[in-house]
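Below: the structure, in structure tokens.
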Amino acid sequence: MKTLNKVFSTIYIFWVFLVFTSFMLLFLPGIVIPAFFGPHAVSVTYFFMKAWSWVFSMLTFIRYDMIGRENIEKGKSYIFVSNHTSFLDLPGIAMTIRGQFRPLAKKELLKIPVFGWITTATCVVVDRSSNESRKKSINYLKEILALGINILIFPEGTQNRSKEIMQPFKDGAFRIALDTQKTILPMVVIGAGQLMPPGTIQLSPGRIKIVVGKEIPLIEGESTADLKNRTYEKMIRMMNEHST
């Protein structure tokens, strides 16, 4: 029985990577080319990204339950903050967020074949080892927000490989919120880490929840640390509420 399960698991993993690569290559022109025509043209990119995410979900039997999308007000730009547990987070997040957005991504993603091109087209890339790169990326995110485009930041900084429900948050997203007076909208991803644990290629079909909370209002005179702590506590409550 164990041998049979291992065979099926291997076939499934092969199938998922085949779907991922084949449809990513198919949609690649629609994802990459619009990036050469300015920030607003990237809305076309996100049409193809959302289409790819839907196809990936359907063909791999990984379903995303999107909860709280009514909290995303049309025509308003947000600083989305989300936990990060798996590569499976992103298709669900892409389908959940209305309109286009720019994730903050680490430069190591540029080394992944094909996906590196997509990262260049859709993300704001930062070299975490360089203070100058971090500052430049933060300034560009502010420019994106000024254009009315959403941004997405994983405030943990990387995938959570600890036993804690979330790792401590970094300051960047919350400093940007206070500097730009843009609203933070918290999101939590539940179940992705179980289907594809971070740091592995193990995969299982199943359901993942993407939960959008209510926006976190800014308080006059509030510090970065206070806003960060309020957001962290809110997201912990969201996870506990929707984990059952």
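Chain labels run A, B, ... following the order of the structure tokens; each chain numbers its residues from 1, and ligands are numbered from 1 in the order shown.
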
Worksheet item: So which residues touch range 49-66 of chain A within 7 Å, counting only C-alpha atoms, skipping near sequence neighbours fewer than 6 positions away, as a PyMOL selection string?
Response: chain A and resi 16+19-20+23-24+31+91-92+94-96+205-211

Mind writing the picked residues with C-alpha atoms as a PDB file, in the first residue's frame?
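File produced: result.pdb:
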ATOM      1  CA  VAL A  16       1.580  19.468 -11.160  1.00  0.00           C
ATOM      2  CA  VAL A  19       0.766  21.879 -15.654  1.00  0.00           C
ATOM      3  CA  PHE A  20       2.740  24.665 -13.962  1.00  0.00           C
ATOM      4  CA  PHE A  23       0.611  26.802 -19.023  1.00  0.00           C
ATOM      5  CA  MET A  24       3.161  29.267 -17.707  1.00  0.00           C
ATOM      6  CA  ILE A  31       2.431  38.088 -18.824  1.00  0.00           C
ATOM      7  CA  PRO A  91      -2.097  31.499  -7.244  1.00  0.00           C
ATOM      8  CA  GLY A  92      -4.805  31.935  -4.612  1.00  0.00           C
ATOM      9  CA  ALA A  94      -3.589  36.418  -7.432  1.00  0.00           C
ATOM     10  CA  MET A  95      -7.182  35.249  -7.909  1.00  0.00           C
ATOM     11  CA  THR A  96      -8.382  36.930  -4.710  1.00  0.00           C
ATOM     12  CA  PRO A 205      -4.332  17.999  -3.732  1.00  0.00           C
ATOM     13  CA  GLY A 206      -6.702  19.710  -1.333  1.00  0.00           C
ATOM     14  CA  ARG A 207      -8.289  23.015  -0.325  1.00  0.00           C
ATOM     15  CA  ILE A 208      -6.618  26.266   0.686  1.00  0.00           C
ATOM     16  CA  LYS A 209      -8.359  29.225   2.295  1.00  0.00           C
ATOM     17  CA  ILE A 210      -7.498  32.795   1.318  1.00  0.00           C
ATOM     18  CA  VAL A 211      -9.125  35.084   3.869  1.00  0.00           C
TER      19      VAL A 211
END

So which residues touch Tyr46 in chain A within 9 Å, counting only C-alpha atoms, skipping near sequence neighbours fewer than 6 positions away, as a PDB file with N, CA and C atoms, in the first residue's frame?
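Output below, filename around-v7.pdb:
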ATOM      1  N   GLY A  30       1.700  36.988 -22.783  1.00  0.00           N
ATOM      2  CA  GLY A  30       0.713  37.894 -22.212  1.00  0.00           C
ATOM      3  C   GLY A  30       1.100  38.404 -20.841  1.00  0.00           C
ATOM      4  N   ILE A  31       1.977  37.675 -20.155  1.00  0.00           N
ATOM      5  CA  ILE A  31       2.431  38.088 -18.824  1.00  0.00           C
ATOM      6  C   ILE A  31       3.595  39.069 -18.920  1.00  0.00           C
ATOM      7  N   ALA A  94      -3.389  35.748  -6.141  1.00  0.00           N
ATOM      8  CA  ALA A  94      -3.589  36.418  -7.432  1.00  0.00           C
ATOM      9  C   ALA A  94      -5.055  36.419  -7.833  1.00  0.00           C
ATOM     10  N   GLY A  99      -8.092  43.450  -9.440  1.00  0.00           N
ATOM     11  CA  GLY A  99      -7.204  44.326 -10.186  1.00  0.00           C
ATOM     12  C   GLY A  99      -5.753  43.887 -10.090  1.00  0.00           C
ATOM     13  N   GLN A 100      -4.870  44.788 -10.475  1.00  0.00           N
ATOM     14  CA  GLN A 100      -3.447  44.465 -10.474  1.00  0.00           C
ATOM     15  C   GLN A 100      -2.796  44.867  -9.161  1.00  0.00           C
ATOM     16  N   PHE A 101      -1.650  44.262  -8.900  1.00  0.00           N
ATOM     17  CA  PHE A 101      -0.895  44.564  -7.687  1.00  0.00           C
ATOM     18  C   PHE A 101       0.570  44.275  -7.968  1.00  0.00           C
ATOM     19  N   THR A 122       6.374  41.374 -13.069  1.00  0.00           N
ATOM     20  CA  THR A 122       5.225  41.624 -12.195  1.00  0.00           C
ATOM     21  C   THR A 122       5.580  42.119 -10.800  1.00  0.00           C
TER      22      THR A 122
END

Discussion item. What's around Gln167 in chain A at 7 Å? Count only C-alpha atoms, leave out sequence neighbours fewer than 3 positions away in its own chain, and write the answer as a list in words.
Written reply: Glu156, Asn160 and Glu164 of chain A

Worksheet item: Looking at only C-alpha atoms, which of A:Val42, A:Leu178, A:Leu185, A:Leu147 is the one that sits closest to Ser223 in chain A?
Response: A:Leu178

Worksheet entry | Interatomic distance, CA of Leu203 in chain A to CA of Leu88 in chain A (Å, one decimal) |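 It comes out at 9.6 Å.
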
Worksheet item: Using only C-alpha atoms, which residues sit within 8 Å of range 217-221 of chain A once same-chain residues fewer than 3 positions away are excluded, as a list in words?
Response: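 So, after excluding close chain neighbours, the residues are Leu178, Gln181, Thr183, Ile184 and Leu227 of chain A.
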
Practice prompt. Would you please work out which residue, of A:Leu195, A:Ala225, A:Ile149, A:Ala173, is nearest to Ser77 in chain A when using only C-alpha atoms?
Written response: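 The closest residue to Ser77 in chain A is A:Ile149.
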
Worksheet item: Out of range 53-242 of chain A, which residues get strand (DSSP E or B) from DSSP, as a PyMOL selection string?
Response: chain A and resi 62-67+79-82+101-106+124-126+150-153+184-190+206-212+216

Item to complete: Work out how far CA of Tyr232 in chain A is from CA of Pro155 in chain A, in Å to one decimal.
Response: 9.3 Å

Worksheet entry | Nearest candidate to Ile165 in chain A (options A:Lys76, A:His40, A:His84, A:Lys111; using only C-alpha atoms) | A:His84

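What separates CA of Thr231 in chain A from CA of Ile72 in chain A is a distance of 16.6 Å.
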
Practice prompt. Give the alpha helix (DSSP H) residues of range 17-239 of chain A, as assigned by DSSP on the backbone, as JSON, numbers by chain.
Written response: {"A": [17, 18, 19, 20, 21, 22, 23, 24, 25, 26, 27, 28, 29, 30, 31, 32, 42, 43, 44, 45, 46, 47, 48, 49, 50, 51, 52, 53, 54, 55, 56, 57, 58, 59, 60, 89, 90, 91, 92, 93, 94, 95, 96, 115, 116, 117, 118, 119, 120, 121, 122, 131, 132, 133, 134, 135, 136, 137, 138, 139, 140, 141, 142, 143, 144, 145, 146, 172, 173, 174, 175, 176, 177, 178, 179, 180, 192, 193, 194, 195, 224, 225, 226, 227, 228, 229, 230, 231, 232, 233, 234, 235, 236, 237, 238, 239]}

Item to complete: Tell me which of A:Leu104, A:Met235, A:Val44, A:Val124 sits closest to Phe169 in chain A, counting only C-alpha atoms.
Response: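 Result for the nearest residue to Phe169 in chain A: A:Met235.
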
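In this comparison, which uses only C-alpha atoms, the residue of A:Lys170, A:Phe87, A:Tyr140, A:Phe80 approaching Ile153 in chain A most closely is A:Phe80.
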
Discussion item. Just checking: using only C-alpha atoms, which residue out of A:Gln194, A:Ser82, A:Thr180, A:Ser133 ends up closest to Arg161 in chain A?
Written reply: A:Gln194
